[in-house]
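Chemist: One structure, pasted below without further comment.
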Amino acid sequence: MIQEEPEKFKELCEKVGLALMMGQKLQFALAHYYSVFHMVHSKWSKEKAKEKISFHLSKPMGVIVSSIEKDSPSKPELFEEIIEFKKQRNWLAHDFDEESTPFLTQGERFDYYIQKMEKITIHANEIMLKLDQIGEALIPVRGWAVSSSCNITKNIHA
């Protein structure tokens with residue numbers, strides 16, 4: 001007879017999946033921020049912006065973070081948040097399983113890891129909201145109308 005998964009395990013799996021997805025969405029937002037910044041300040045073409053977005057989305061998150069640090073200034077406190085998120089995301093992708101398995105297999109620490117996943121998800125969302133504000137401020141400089149935060153992506157991919 002196959003045993004049914006405990007409810008907490010199902011909840012943790014959902015939270016892990018959401019945290020990983022939000023990490024991907026943040027990487028997407030960072031790649032677009034980087035390209036929009038350069039379209040405005042370095043006069044990149046849409047084609048070059050698209051190339052850079054594709055490049056940054058095909059690499060680990062650290063590559064876009066390093067690119068932003070190198071040549072796309074952001075507010076120091078926002079960049080510190082991005083660095084902290086990258087650490088959390090790397091822990092999730094590379095260390096979570098090994099760290100958590102001894103506890104989870106014993107039915108322990110489910111609530112702790114669920115809360116940790118929720119914090120990662122919330123942190124990603126907060127950073128994306130701040131990037132939206134920065135991006136929306138850049139759009140009028142480029143002559144695009146601002147009606148939603150999706151305009152950055154729409155204008156690059158149009």
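Naming works like this for the structure tokens: A, B, ... for the chains as they're shown, residue 1 at the start of each chain, ligands 1 onward in shown order.
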If you count only C-alpha atoms, which residues fall within 8 Å of Glu81 of chain A, apart from same-chain ones fewer than 4 positions away, as a list of chain:residue names?
Modeler: A:Glu77, A:Phe85, A:Ile127
Chemist: The selected residues should be written to file as an mmCIF file, in the first residue's frame (atoms: C-alpha atoms).
Modeler:
data_model
loop_
_atom_site.group_PDB
_atom_site.id
_atom_site.type_symbol
_atom_site.label_atom_id
_atom_site.label_comp_id
_atom_site.auth_asym_id
_atom_site.auth_seq_id
_atom_site.Cartn_x
_atom_site.Cartn_y
_atom_site.Cartn_z
ATOM 1 C CA GLU A 77 20.009 49.537 -1.097
ATOM 2 C CA PHE A 85 18.013 37.503 -2.892
ATOM 3 C CA ILE A 127 12.365 43.633 -5.683
#
Chemist: What's the 9 Å shell around Ala31 of chain A, counting only C-alpha atoms, without same-chain residues fewer than 4 positions away, as JSON, numbers by chain?
Modeler: {"A": [26, 27, 35, 36, 52, 53, 54, 55, 56, 57, 64, 65, 68]}
Chemist: Considering only C-alpha atoms, return as an MDAnalysis selection string whatever protein or nucleic-acid residues lie within 8 Å of Met22 of chain A, sequence-local ones (same chain, fewer than 5 positions apart) excluded.
Modeler: chainID A and resid 121 124:125
Chemist: Show which residues sit within 10 Å of Ile83 of chain A, as a ChimeraX atom specification. Count only C-alpha atoms, and ignore same-chain residues fewer than 4 positions away.
Modeler: /A:62,65-66,69,77-79,87-89
Chemist: Store the residues picked out above in a file with N, CA and C atoms, as an mmCIF file, in the first residue's frame.
Modeler:
data_model
loop_
_atom_site.group_PDB
_atom_site.id
_atom_site.type_symbol
_atom_site.label_atom_id
_atom_site.label_comp_id
_atom_site.auth_asym_id
_atom_site.auth_seq_id
_atom_site.Cartn_x
_atom_site.Cartn_y
_atom_site.Cartn_z
ATOM 1 N N GLY A 62 23.636 34.961 -11.259
ATOM 2 C CA GLY A 62 24.820 35.747 -10.906
ATOM 3 C C GLY A 62 25.376 36.551 -12.069
ATOM 4 N N VAL A 65 23.331 39.770 -12.313
ATOM 5 C CA VAL A 65 23.650 40.583 -11.136
ATOM 6 C C VAL A 65 25.009 41.243 -11.315
ATOM 7 N N SER A 66 25.985 40.494 -11.816
ATOM 8 C CA SER A 66 27.319 41.067 -12.067
ATOM 9 C C SER A 66 27.270 42.135 -13.150
ATOM 10 N N GLU A 69 25.846 45.255 -11.633
ATOM 11 C CA GLU A 69 26.848 45.862 -10.748
ATOM 12 C C GLU A 69 27.926 46.585 -11.557
ATOM 13 N N GLU A 77 20.828 50.416 -1.939
ATOM 14 C CA GLU A 77 20.009 49.537 -1.097
ATOM 15 C C GLU A 77 19.269 48.495 -1.934
ATOM 16 N N LEU A 78 18.846 48.861 -3.149
ATOM 17 C CA LEU A 78 18.197 47.890 -4.019
ATOM 18 C C LEU A 78 19.197 46.836 -4.461
ATOM 19 N N PHE A 79 20.406 47.256 -4.798
ATOM 20 C CA PHE A 79 21.405 46.279 -5.228
ATOM 21 C C PHE A 79 21.732 45.326 -4.078
ATOM 22 N N LYS A 87 21.630 35.206 -2.925
ATOM 23 C CA LYS A 87 22.115 34.247 -1.922
ATOM 24 C C LYS A 87 21.009 33.285 -1.509
ATOM 25 N N GLN A 88 19.810 33.828 -1.264
ATOM 26 C CA GLN A 88 18.673 32.983 -0.873
ATOM 27 C C GLN A 88 18.320 32.002 -1.987
ATOM 28 N N ARG A 89 18.291 32.495 -3.213
ATOM 29 C CA ARG A 89 17.947 31.667 -4.353
ATOM 30 C C ARG A 89 19.000 30.584 -4.573
#
